[in-house]
>>> print(open('my_file25.txt').read())   # compact mmCIF, C-alpha atoms (C1' of nucleotides)
# COMPACT_ATOMS: atom_id res chain seq x y z
CA MET J 1 108.62 161.94 179.51
CA GLY J 2 110.38 164.98 177.97
CA ALA J 3 113.20 165.35 175.50
CA ASP J 4 115.60 163.81 177.98
CA GLY J 5 113.93 160.47 178.10
CA GLY J 6 116.51 159.83 175.39
CA ARG J 7 119.33 159.73 177.85
CA ARG J 8 117.79 156.91 179.80
CA GLU J 9 117.25 154.95 176.61
CA GLU J 10 120.82 155.56 175.57
CA ILE J 11 122.06 154.22 178.87
CA LEU J 12 119.82 151.17 178.69
CA ALA J 13 121.02 150.41 175.19
CA ALA J 14 124.66 150.82 176.11
CA ALA J 15 124.23 148.64 179.19
CA LEU J 16 122.64 145.91 177.10
CA GLU J 17 125.51 145.97 174.66
CA MET J 18 128.17 145.74 177.35
CA LEU J 19 126.22 143.01 179.02
CA ALA J 20 126.24 140.98 175.83
CA GLU J 21 130.01 141.21 175.66
CA GLN J 22 131.16 140.97 179.23
CA GLY J 23 128.20 139.68 181.19
CA TRP J 24 126.61 141.62 184.01
CA ARG J 25 129.32 140.99 186.59
CA GLY J 26 131.94 141.92 184.05
CA THR J 27 130.28 145.22 183.23
CA SER J 28 131.08 148.27 185.36
CA LEU J 29 129.18 151.51 185.64
CA ASN J 30 132.30 153.24 184.43
CA ALA J 31 132.30 151.21 181.24
CA ILE J 32 128.63 151.95 180.58
CA ALA J 33 129.14 155.62 181.34
CA ASP J 34 132.11 155.81 178.98
CA ARG J 35 130.04 154.44 176.16
CA VAL J 36 127.39 157.14 176.48
CA GLY J 37 129.89 159.88 177.24
CA LEU J 38 129.10 160.38 180.90
CA THR J 39 130.82 159.70 184.18
CA ARG J 40 129.45 156.93 186.33
CA GLN J 41 127.87 159.53 188.59
CA GLY J 42 126.00 160.83 185.60
CA VAL J 43 124.60 157.37 184.99
CA LEU J 44 123.59 157.07 188.61
CA HIS J 45 121.49 160.18 188.17
CA TYR J 46 119.15 158.15 185.95
CA PHE J 47 119.31 154.86 187.77
CA PRO J 48 119.73 154.79 191.52
CA SER J 49 121.95 151.71 191.41
CA LYS J 50 123.51 149.22 189.05
CA GLN J 51 120.98 146.65 190.13
CA ALA J 52 118.11 149.00 189.27
CA LEU J 53 119.53 149.36 185.79
CA LEU J 54 119.53 145.60 185.27
CA THR J 55 116.05 145.29 186.72
CA GLU J 56 114.74 147.76 184.20
CA ILE J 57 116.47 146.02 181.32
CA LEU J 58 114.88 142.74 182.32
CA ALA J 59 111.46 144.29 182.84
CA ARG J 60 111.36 146.07 179.52
CA ARG J 61 113.12 143.97 176.98
CA GLN J 62 110.54 141.38 176.20
CA ASP J 63 112.46 140.69 173.03
CA LEU J 64 115.40 139.68 175.15
CA ASN J 65 113.43 136.50 175.65
CA ARG J 66 113.33 135.25 172.13
CA GLU J 67 111.30 132.19 173.02
CA HIS J 68 108.23 134.34 173.30
CA LEU J 69 108.10 133.80 169.55
CA LEU J 70 107.74 130.10 170.03
CA ALA J 71 105.03 130.37 172.63
CA ASP J 72 103.08 133.28 171.19
CA HIS J 73 102.61 132.17 167.62
CA ALA J 74 102.26 128.52 168.33
CA ASP J 75 99.49 128.08 165.81
CA LYS J 76 101.74 128.65 162.83
CA ASP J 77 103.45 125.80 161.07
CA TRP J 78 106.46 124.65 163.02
CA PRO J 79 109.15 124.77 160.41
CA ASP J 80 108.16 128.38 159.67
CA GLN J 81 108.01 129.01 163.38
CA LEU J 82 111.54 127.85 163.87
CA ALA J 83 112.86 129.67 160.88
CA GLU J 84 111.44 132.81 162.42
CA VAL J 85 113.26 132.33 165.69
CA VAL J 86 116.51 131.62 163.91
CA ALA J 87 116.00 134.69 161.75
CA HIS J 88 115.15 136.75 164.81
CA ASP J 89 118.44 135.77 166.40
CA HIS J 90 120.33 136.28 163.19
CA ASP J 91 119.00 139.82 162.75
CA ARG J 92 119.77 140.84 166.30
CA PRO J 93 123.06 139.20 167.19
CA GLY J 94 123.52 141.59 170.07
CA LEU J 95 120.21 140.73 171.63
CA ALA J 96 120.70 137.02 171.14
CA ARG J 97 124.11 137.25 172.72
CA ALA J 98 122.85 139.28 175.65
CA TYR J 99 120.15 136.73 176.22
CA SER J 100 122.50 133.76 176.25
CA VAL J 101 125.19 135.42 178.28
CA LEU J 102 122.82 136.69 180.91
CA MET J 103 120.92 133.45 181.19
CA ALA J 104 124.17 131.54 181.54
CA GLU J 105 125.56 133.93 184.10
CA SER J 106 122.37 133.72 186.12
CA LEU J 107 123.06 130.05 186.88
CA THR J 108 125.39 131.10 189.67
CA ALA J 109 124.17 131.56 193.21
CA GLY J 110 122.93 134.98 194.14
CA HIS J 111 122.86 136.36 190.62
CA PRO J 112 120.40 139.26 190.31
CA ALA J 113 118.78 137.78 187.20
CA HIS J 114 118.37 134.26 188.55
CA ALA J 115 114.71 134.54 189.55
CA HIS J 116 113.84 136.27 186.31
CA PHE J 117 115.18 133.48 184.14
CA ARG J 118 113.84 130.73 186.35
CA ASP J 119 110.34 132.17 186.06
CA HIS J 120 110.74 132.92 182.39
CA TYR J 121 111.71 129.36 181.57
CA SER J 122 108.97 127.93 183.65
CA ASP J 123 106.46 130.15 181.86
CA VAL J 124 107.71 129.44 178.35
CA ARG J 125 107.91 125.71 178.98
CA ALA J 126 104.33 125.71 180.17
CA ARG J 127 103.08 127.67 177.18
CA MET J 128 104.96 125.51 174.71
CA THR J 129 103.69 122.38 176.37
CA GLU J 130 100.17 123.69 176.06
CA ALA J 131 100.69 124.60 172.41
CA PHE J 132 102.07 121.13 171.64
CA THR J 133 99.16 119.51 173.39
CA ARG J 134 96.64 121.58 171.47
CA ARG J 135 98.24 120.53 168.26
CA TRP J 136 99.16 116.92 168.85
CA GLY J 137 97.51 115.66 171.99
CA ASP J 138 99.63 113.75 174.45
CA ARG J 139 102.25 112.46 172.02
CA LEU J 140 104.13 114.29 169.32
CA PRO J 141 104.86 112.51 166.03
CA SER J 142 108.37 111.92 167.38
CA GLY J 143 106.95 110.03 170.35
CA LEU J 144 107.95 112.64 172.91
CA SER J 145 105.39 113.97 175.34
CA PRO J 146 104.55 117.67 174.98
CA ALA J 147 106.44 118.52 178.19
CA GLN J 148 109.49 116.55 177.11
CA ALA J 149 109.46 118.20 173.71
CA ALA J 150 109.20 121.67 175.21
CA THR J 151 112.13 121.05 177.54
CA ALA J 152 114.25 119.46 174.84
CA LEU J 153 113.49 122.12 172.27
CA LEU J 154 114.45 124.96 174.58
CA ALA J 155 117.58 123.11 175.63
CA LEU J 156 118.57 122.61 172.02
CA LEU J 157 118.10 126.29 171.17
CA ASP J 158 120.15 127.42 174.14
CA GLY J 159 122.85 124.83 173.76
CA MET J 160 123.36 125.52 170.09
CA GLN J 161 123.37 129.24 170.57
CA GLN J 162 126.09 128.81 173.16
CA GLN J 163 128.21 126.60 170.97
CA TRP J 164 127.95 129.21 168.31
CA LEU J 165 128.92 132.02 170.67
CA LEU J 166 131.86 129.97 171.84
CA ASP J 167 133.21 129.56 168.34
CA GLN J 168 131.69 131.54 165.52
CA ASP J 169 134.01 129.94 163.03
CA GLN J 170 132.43 126.55 163.40
CA ALA J 171 132.57 124.78 160.09
CA ASP J 172 129.06 123.38 159.79
CA ASP J 173 126.01 125.52 159.28
CA HIS J 174 124.32 126.53 162.45
CA SER J 175 120.80 127.18 161.22
CA ASP J 176 120.64 124.08 159.00
CA THR J 177 121.58 121.92 161.94
CA MET J 178 119.06 123.69 164.12
CA ARG J 179 116.25 123.12 161.65
CA ALA J 180 117.15 119.49 161.08
CA ALA J 181 117.43 118.70 164.79
CA LEU J 182 114.16 120.45 165.51
CA SER J 183 112.34 118.51 162.81
CA VAL J 184 113.62 115.30 164.30
CA LEU J 185 112.67 116.28 167.84
CA LEU J 186 109.13 117.11 166.85
CA GLY J 187 108.89 114.26 164.38
CA ILE J 188 107.77 116.31 161.42
CA PRO J 189 109.32 116.06 157.96
CA GLY J 190 112.23 118.37 157.31
CA ASP J 191 113.99 119.11 154.05
CA HIS J 192 117.31 117.54 154.95
CA MET H 1 156.06 115.61 195.87
CA GLY H 2 156.22 115.56 199.68
CA ALA H 3 153.61 115.53 202.41
CA ASP H 4 152.57 119.05 201.53
CA GLY H 5 151.35 118.25 198.07
CA GLY H 6 148.11 117.84 199.98
CA ARG H 7 147.74 121.53 200.50
CA ARG H 8 147.74 122.26 196.82
CA GLU H 9 145.11 119.59 196.24
CA GLU H 10 143.00 121.01 199.02
CA ILE H 11 143.12 124.43 197.44
CA LEU H 12 142.30 123.11 193.99
CA ALA H 13 139.31 121.21 195.38
CA ALA H 14 138.04 124.19 197.31
CA ALA H 15 138.43 126.45 194.29
CA LEU H 16 136.47 124.03 192.14
CA GLU H 17 133.63 123.97 194.65
CA MET H 18 133.40 127.73 194.91
CA LEU H 19 133.58 128.00 191.16
CA ALA H 20 130.58 125.70 190.81
CA GLU H 21 128.53 127.94 193.07
CA GLN H 22 129.61 131.44 192.18
CA GLY H 23 131.41 131.14 188.90
CA TRP H 24 135.00 132.16 188.45
CA ARG H 25 134.46 135.90 188.45
CA GLY H 26 132.29 135.58 191.53
CA THR H 27 134.93 133.63 193.44
CA SER H 28 137.58 135.55 195.38
CA LEU H 29 140.89 134.32 196.69
CA ASN H 30 139.66 135.25 200.15
CA ALA H 31 136.69 132.92 199.81
CA ILE H 32 138.88 130.06 198.63
CA ALA H 33 141.37 130.71 201.40
CA ASP H 34 138.63 130.74 204.03
CA ARG H 35 137.44 127.36 202.93
CA VAL H 36 140.83 125.75 203.41
CA GLY H 37 141.62 127.70 206.56
CA LEU H 38 144.27 130.00 205.12
CA THR H 39 144.57 133.66 204.30
CA ARG H 40 144.64 134.63 200.68
CA GLN H 41 148.36 135.22 200.96
CA GLY H 42 148.69 131.64 202.05
CA VAL H 43 146.93 130.53 198.90
CA LEU H 44 149.18 132.70 196.77
CA HIS H 45 152.13 130.83 198.15
CA TYR H 46 150.95 127.78 196.19
CA PHE H 47 149.67 129.51 193.11
CA PRO H 48 151.31 132.68 191.87
CA SER H 49 147.98 134.19 190.79
CA LYS H 50 144.29 133.54 190.65
CA GLN H 51 144.57 132.93 186.94
CA ALA H 52 147.27 130.31 187.49
CA LEU H 53 144.91 128.49 189.81
CA LEU H 54 142.19 128.34 187.18
CA THR H 55 144.66 127.28 184.53
CA GLU H 56 145.73 124.34 186.63
CA ILE H 57 142.14 123.33 187.33
CA LEU H 58 141.40 123.31 183.61
CA ALA H 59 144.58 121.45 182.76
CA ARG H 60 144.10 118.70 185.31
CA ARG H 61 140.41 118.01 185.64
CA GLN H 62 139.72 115.90 182.64
CA ASP H 63 136.56 114.75 184.39
CA LEU H 64 135.35 118.32 184.36
CA ASN H 65 134.62 117.63 180.73
CA ARG H 66 132.01 114.99 181.08
CA GLU H 67 131.61 114.54 177.35
CA HIS H 68 134.84 112.61 177.22
CA LEU H 69 132.58 109.72 178.17
CA LEU H 70 130.60 110.12 175.00
CA ALA H 71 133.63 110.32 172.79
CA ASP H 72 135.83 107.75 174.49
CA HIS H 73 133.46 104.82 174.72
CA ALA H 74 131.63 105.38 171.54
CA ASP H 75 131.58 101.69 170.70
CA LYS H 76 129.13 100.84 173.47
CA ASP H 77 125.41 100.80 172.92
CA TRP H 78 124.02 104.31 172.93
CA PRO H 79 121.26 104.00 175.45
CA ASP H 80 123.79 102.61 177.93
CA GLN H 81 126.20 105.30 176.87
CA LEU H 82 123.77 108.04 177.67
CA ALA H 83 122.69 106.49 180.91
CA GLU H 84 126.33 106.53 181.92
CA VAL H 85 126.73 110.23 181.26
CA VAL H 86 123.57 111.03 183.14
CA ALA H 87 124.71 108.86 186.03
CA HIS H 88 128.12 110.48 185.93
CA ASP H 89 126.52 113.89 186.34
CA HIS H 90 124.15 112.62 188.97
CA ASP H 91 126.95 111.18 191.09
CA ARG H 92 129.06 114.30 190.89
CA PRO H 93 126.67 117.20 191.06
CA GLY H 94 129.47 119.53 192.04
CA LEU H 95 131.55 118.65 189.01
CA ALA H 96 128.61 118.84 186.66
CA ARG H 97 127.69 122.22 188.04
CA ALA H 98 131.25 123.51 187.81
CA TYR H 99 131.38 122.41 184.22
CA SER H 100 128.16 124.14 183.21
CA VAL H 101 128.80 127.29 185.14
CA LEU H 102 132.32 127.70 183.84
CA MET H 103 131.41 126.90 180.27
CA ALA H 104 128.56 129.40 180.40
CA GLU H 105 130.70 132.07 181.99
CA SER H 106 133.38 131.56 179.38
CA LEU H 107 131.04 132.82 176.66
CA THR H 108 131.92 136.38 177.62
CA ALA H 109 134.76 138.23 175.97
CA GLY H 110 138.16 137.89 177.56
CA HIS H 111 137.20 135.11 179.92
CA PRO H 112 140.26 133.09 180.92
CA ALA H 113 138.53 129.79 180.14
CA HIS H 114 137.19 130.79 176.73
CA ALA H 115 139.92 129.18 174.63
CA HIS H 116 139.82 126.04 176.72
CA PHE H 117 136.13 125.44 176.14
CA ARG H 118 136.24 126.44 172.50
CA ASP H 119 138.95 123.88 171.85
CA HIS H 120 137.29 121.29 174.02
CA TYR H 121 134.00 121.52 172.14
CA SER H 122 135.68 121.44 168.81
CA ASP H 123 137.55 118.31 169.85
CA VAL H 124 134.57 116.49 171.32
CA ARG H 125 132.36 117.35 168.36
CA ALA H 126 134.95 115.95 166.01
CA ARG H 127 135.33 112.73 167.98
CA MET H 128 131.61 112.21 168.26
CA THR H 129 131.15 112.86 164.59
CA GLU H 130 133.77 110.27 163.84
CA ALA H 131 132.14 107.76 166.20
CA PHE H 132 128.75 108.29 164.59
CA THR H 133 130.22 107.86 161.15
CA ARG H 134 131.95 104.63 162.13
CA ARG H 135 128.68 103.30 163.41
CA TRP H 136 126.12 104.58 160.94
CA GLY H 137 127.88 105.97 157.91
CA ASP H 138 126.78 109.34 156.63
CA ARG H 139 123.22 109.29 157.99
CA LEU H 140 121.94 108.34 161.41
CA PRO H 141 118.65 106.43 161.69
CA SER H 142 117.06 109.77 162.58
CA GLY H 143 118.16 111.23 159.26
CA LEU H 144 120.68 113.65 160.79
CA SER H 145 124.22 113.76 159.53
CA PRO H 146 126.90 112.68 162.01
CA ALA H 147 128.09 116.27 162.42
CA GLN H 148 124.57 117.57 162.97
CA ALA H 149 123.85 114.87 165.50
CA ALA H 150 127.05 115.60 167.42
CA THR H 151 126.26 119.30 167.61
CA ALA H 152 122.64 118.74 168.56
CA LEU H 153 123.43 116.11 171.15
CA LEU H 154 125.97 118.29 172.93
CA ALA H 155 123.60 121.24 172.79
CA LEU H 156 120.83 119.17 174.31
CA LEU H 157 123.04 117.97 177.17
CA ASP H 158 124.21 121.47 177.98
CA GLY H 159 120.83 123.11 177.60
CA MET H 160 119.05 120.61 179.79
CA GLN H 161 121.71 120.71 182.44
CA GLN H 162 121.32 124.47 182.55
CA GLN H 163 117.57 124.35 182.82
CA TRP H 164 118.00 121.96 185.70
CA LEU H 165 120.53 124.19 187.43
CA LEU H 166 118.19 127.13 186.99
CA ASP H 167 115.34 125.38 188.73
CA GLN H 168 115.97 122.11 190.48
CA ASP H 169 112.33 121.81 191.45
CA GLN H 170 111.20 121.31 187.89
CA ALA H 171 108.22 119.03 187.86
CA ASP H 172 109.12 116.61 185.08
CA ASP H 173 111.92 114.12 185.32
CA HIS H 174 115.17 115.36 183.96
CA SER H 175 116.87 112.10 183.07
CA ASP H 176 113.78 110.54 181.50
CA THR H 177 113.40 113.53 179.23
CA MET H 178 117.08 113.42 178.39
CA ARG H 179 116.96 109.76 177.44
CA ALA H 180 113.83 110.16 175.37
CA ALA H 181 115.11 113.22 173.50
CA LEU H 182 118.41 111.52 172.82
CA SER H 183 116.74 108.43 171.41
CA VAL H 184 114.75 110.62 169.09
CA LEU H 185 117.77 112.64 167.97
CA LEU H 186 119.73 109.51 167.12
CA GLY H 187 116.71 107.67 165.77
CA ILE H 188 117.09 104.55 167.87
CA PRO H 189 114.30 102.96 169.85
CA GLY H 190 113.83 104.22 173.38
CA ASP H 191 111.64 102.83 176.12
CA HIS H 192 109.31 105.80 176.37
C1' DG F 1 154.72 127.59 204.94
C1' DT F 2 152.04 131.06 206.70
C1' DC F 3 151.36 135.29 208.52
C1' DT F 4 151.00 140.87 208.90
C1' DA F 5 151.34 144.85 206.49
C1' DT F 6 150.90 147.40 202.59
C1' DA F 7 150.38 148.89 197.68
C1' DT F 8 147.42 149.33 193.97
C1' DT F 9 143.38 149.28 191.47
C1' DA F 10 138.65 149.14 190.88
C1' DG F 11 133.95 149.04 191.93
C1' DG F 12 129.63 151.10 193.81
C1' DA F 13 127.40 154.83 195.98
C1' DT F 14 126.56 159.60 198.28
C1' DA F 15 126.90 164.76 198.91
C1' DG F 16 127.04 168.80 197.08
C1' DA F 17 128.80 172.43 193.66
C1' DC F 18 127.51 174.43 189.30
C1' DG U 1 121.56 167.12 184.40
C1' DT U 2 126.21 166.54 185.01
C1' DC U 3 130.24 167.13 187.32
C1' DT U 4 134.07 166.94 191.29
C1' DA U 5 135.15 165.21 195.47
C1' DT U 6 134.84 161.79 198.69
C1' DC U 7 133.83 157.40 201.12
C1' DC U 8 133.61 152.66 201.57
C1' DT U 9 134.43 148.21 200.40
C1' DA U 10 136.70 144.60 198.18
C1' DA U 11 139.87 142.56 195.03
C1' DT U 12 144.71 141.05 193.41
C1' DA U 13 149.28 141.14 194.43
C1' DT U 14 153.97 142.03 196.72
C1' DA U 15 157.42 142.43 200.56
C1' DG U 16 159.09 140.82 204.33
C1' DA U 17 158.72 139.07 209.31
C1' DC U 18 158.49 134.76 211.85
>>> encode(input="my_file25.txt", output="structure tokens")
Amino acid sequence: MGADGGRREEILAAALEMLAEQGWRGTSLNAIADRVGLTRQGVLHYFPSKQALLTEILARRQDLNREHLLADHADKDWPDQLAEVVAHDHDRPGLARAYSVLMAESLTAGHPAHAHFRDHYSDVRARMTEAFTRRWGDRLPSGLSPAQAATALLALLDGMQQQWLLDQDQADDHSDTMRAALSVLLGIPGDH
Amino acid sequence: MGADGGRREEILAAALEMLAEQGWRGTSLNAIADRVGLTRQGVLHYFPSKQALLTEILARRQDLNREHLLADHADKDWPDQLAEVVAHDHDRPGLARAYSVLMAESLTAGHPAHAHFRDHYSDVRARMTEAFTRRWGDRLPSGLSPAQAATALLALLDGMQQQWLLDQDQADDHSDTMRAALSVLLGIPGDH
DNA sequence: GTCTATATTAGGATAGAC
DNA sequence: GTCTATCCTAATATAGAC
């Protein structure tokens, strides 16, 4: 990969940004090209099609799937764990937004990212369930089963992120609520 | 309104169905027209623009916003309450899907439904917070504040609905998990 | 009330010049 | 490696015939 690998990266980064704002269907090759100072034909020199561009974004950006944090470092203490995810999102608002927007968009039939997110969720749920089981056996302190807790925890993260994206001027504090709700779901003491 | 009010209703119903499957941006006037046996020009006779069609759907379909159930009958017992919402979704999979898809799509900048959902959430959160306060004062049995519980509960509903839409073959039972997680969030006894 | 015809714009993609 | 030119398709919308 020579000095011009940079162009590809530039395009990928620009595409990710646009995606976060307008969704994939709302993002045109022209718009991406504009942002990197090319024409859309210039962009198509690096990626054979719009779909190929998305495919590469999904394949590379592991950090687009923030839940990997939850599944990968499952041996740490859970309040710290959660704080890390919240901090991760907070430090990379663009990434967090891209993640939510793309996942949400992929609910519709025939969306090119549908299979990716379906498999991703299935994988993360399984790993979290396993981590919960290792730590607590077949019941969490809250009384939920590991599988129920995994599903509920992911749902809570996604749902809250979306509420926040919908209205960033929400009065109450997002991350405090997240931490408190998570503590309750797991059944471990929080500081609220 | 004469005998032809029916046509308008037909179009609105068809549009809502398509919307649930493909999202708003993924739904064309041609597709809607096909479904009711018209050309797109025929559809535009009833609604001056695609946007006007969506606006009317949002203005009329109160039941698109399933959370009204949570806010409106907040004096009932909460396990029953929740069961009702779940049943409501279960009986109207098309409506529930339309709701989730449209809400998710409206996260993106400049989406025509963005303001609608922002205001809707703000309203429902406020009403739920008030209902919780009436019932439990400033702390729920779970230890959450009424505002935190309202936010978390809505997030959980949305997040789980989305996981279900993403993969309807999920092994574990959706409504059981929902009920259990809700009981934990509120801090009231469940039957799990 | 519904159609045909048409205008306009935009999107994605290819061929080929430089 | 990037552009111009072109093609194709599809979308919204308007005008006007019937």
>>> residues_around(input="my_file25.txt", residues="DT4 of chain F", least_positions_apart="2", cutoff="10 Å", atoms="all atoms listed in the file", output="PDB file with C-alpha atoms (C1' of nucleotides), keeping the file's coordinate frame")
ATOM      1  C1'  DT F   6     150.900 147.400 202.590  1.00  0.00           C
TER       2       DT F   6
ATOM      3  C1'  DG U  16     159.090 140.820 204.330  1.00  0.00           C
ATOM      4  C1'  DA U  17     158.720 139.070 209.310  1.00  0.00           C
TER       5       DA U  17
END
>>> interface_residues(input="my_file25.txt", of="chain J", to="chain H", cutoff="8 Å", atoms="all atoms listed in the file", output="ChimeraX atom specification")
/J:20-23,25-26,101,104-110,114,117-118,121,142-144,147-149,151-152,154-160,162-163,165-167,172,177-178,180-181,184-185,192
>>> residues_near_point(input="my_file25.txt", point="(152.7, 141.6, 198.7)", cutoff="12 Å", atoms="only C-alpha atoms (C1' of nucleotides)", output="list in words")
Arg40, Gln41, Gly42, Leu44, His45, Pro48 and Ser49 of chain H; DC3, DT4, DA5, DT6, DA7 and DT8 of chain F; DT12, DA13, DT14, DA15 and DG16 of chain U
>>> residues_around(input="my_file25.txt", residues="DT4 of chain U", least_positions_apart="5", cutoff="12 Å", atoms="only C-alpha atoms (C1' of nucleotides)", output="PyMOL selection string")
(chain J and resi 39+41-42) or (chain F and resi 15-18)
>>> residues_around(input="my_file25.txt", residues="Thr133 of chain J", least_positions_apart="3", cutoff="12 Å", atoms="all atoms listed in the file", output="list in words")
Ala74, Asp75, Ala126, Arg127, Met128, Thr129, Glu130, Trp136, Gly137, Asp138, Arg139, Leu140, Pro141, Leu144, Ser145, Pro146, Ala147, Gln148, Ala149 and Ala150 of chain J
>>> atom_distance(input="my_file25.txt", atom1="atom CA of Glu9 of chain J", atom2="atom C1' of DT6 of chain U")
29.0 Å
>>> closest_residue(input="my_file25.txt", among="J:Asp80, J:Ile32, J:Gly37, J:Glu10", to="chain U", atoms="only C-alpha atoms (C1' of nucleotides)")
J:Gly37
>>> decode(input="my_file25.txt", residues="segment 37-52 of chain J", atoms="N, CA and C atoms", output="short mmCIF file (atom, residue, chain, number, x, y, z; two decimals), in the first residue's frame")
data_model
loop_
_atom_site.label_atom_id
_atom_site.label_comp_id
_atom_site.auth_asym_id
_atom_site.auth_seq_id
_atom_site.Cartn_x
_atom_site.Cartn_y
_atom_site.Cartn_z
N GLY J 37 -13.20 16.29 -1.89
CA GLY J 37 -12.69 17.08 -3.00
C GLY J 37 -12.48 16.30 -4.28
N LEU J 38 -13.37 15.36 -4.53
CA LEU J 38 -13.32 14.60 -5.78
C LEU J 38 -14.69 14.67 -6.45
N THR J 39 -14.76 14.13 -7.64
CA THR J 39 -16.07 13.91 -8.25
C THR J 39 -16.49 12.49 -7.88
N ARG J 40 -17.71 12.14 -8.14
CA ARG J 40 -18.14 10.81 -7.73
C ARG J 40 -17.41 9.74 -8.55
N GLN J 41 -17.00 10.08 -9.76
CA GLN J 41 -16.24 9.13 -10.56
C GLN J 41 -14.87 8.87 -9.95
N GLY J 42 -14.33 9.91 -9.34
CA GLY J 42 -13.06 9.74 -8.64
C GLY J 42 -13.20 8.74 -7.49
N VAL J 43 -14.30 8.86 -6.77
CA VAL J 43 -14.54 7.93 -5.66
C VAL J 43 -14.68 6.50 -6.19
N LEU J 44 -15.36 6.39 -7.31
CA LEU J 44 -15.60 5.05 -7.86
C LEU J 44 -14.32 4.43 -8.44
N HIS J 45 -13.28 5.21 -8.51
CA HIS J 45 -11.99 4.63 -8.87
C HIS J 45 -11.46 3.75 -7.72
N TYR J 46 -11.76 4.15 -6.51
CA TYR J 46 -11.25 3.41 -5.34
C TYR J 46 -12.18 2.30 -4.87
N PHE J 47 -13.46 2.55 -5.07
CA PHE J 47 -14.44 1.52 -4.69
C PHE J 47 -15.35 1.27 -5.88
N PRO J 48 -15.47 0.04 -6.29
CA PRO J 48 -16.20 -0.25 -7.52
C PRO J 48 -17.68 0.13 -7.46
N SER J 49 -18.23 0.20 -6.27
CA SER J 49 -19.64 0.58 -6.15
C SER J 49 -19.90 1.14 -4.76
N LYS J 50 -21.03 1.76 -4.61
CA LYS J 50 -21.40 2.33 -3.32
C LYS J 50 -21.51 1.21 -2.28
N GLN J 51 -22.11 0.13 -2.71
CA GLN J 51 -22.25 -1.02 -1.81
C GLN J 51 -20.89 -1.53 -1.32
N ALA J 52 -19.91 -1.56 -2.22
CA ALA J 52 -18.58 -2.04 -1.83
C ALA J 52 -17.97 -1.13 -0.77
#
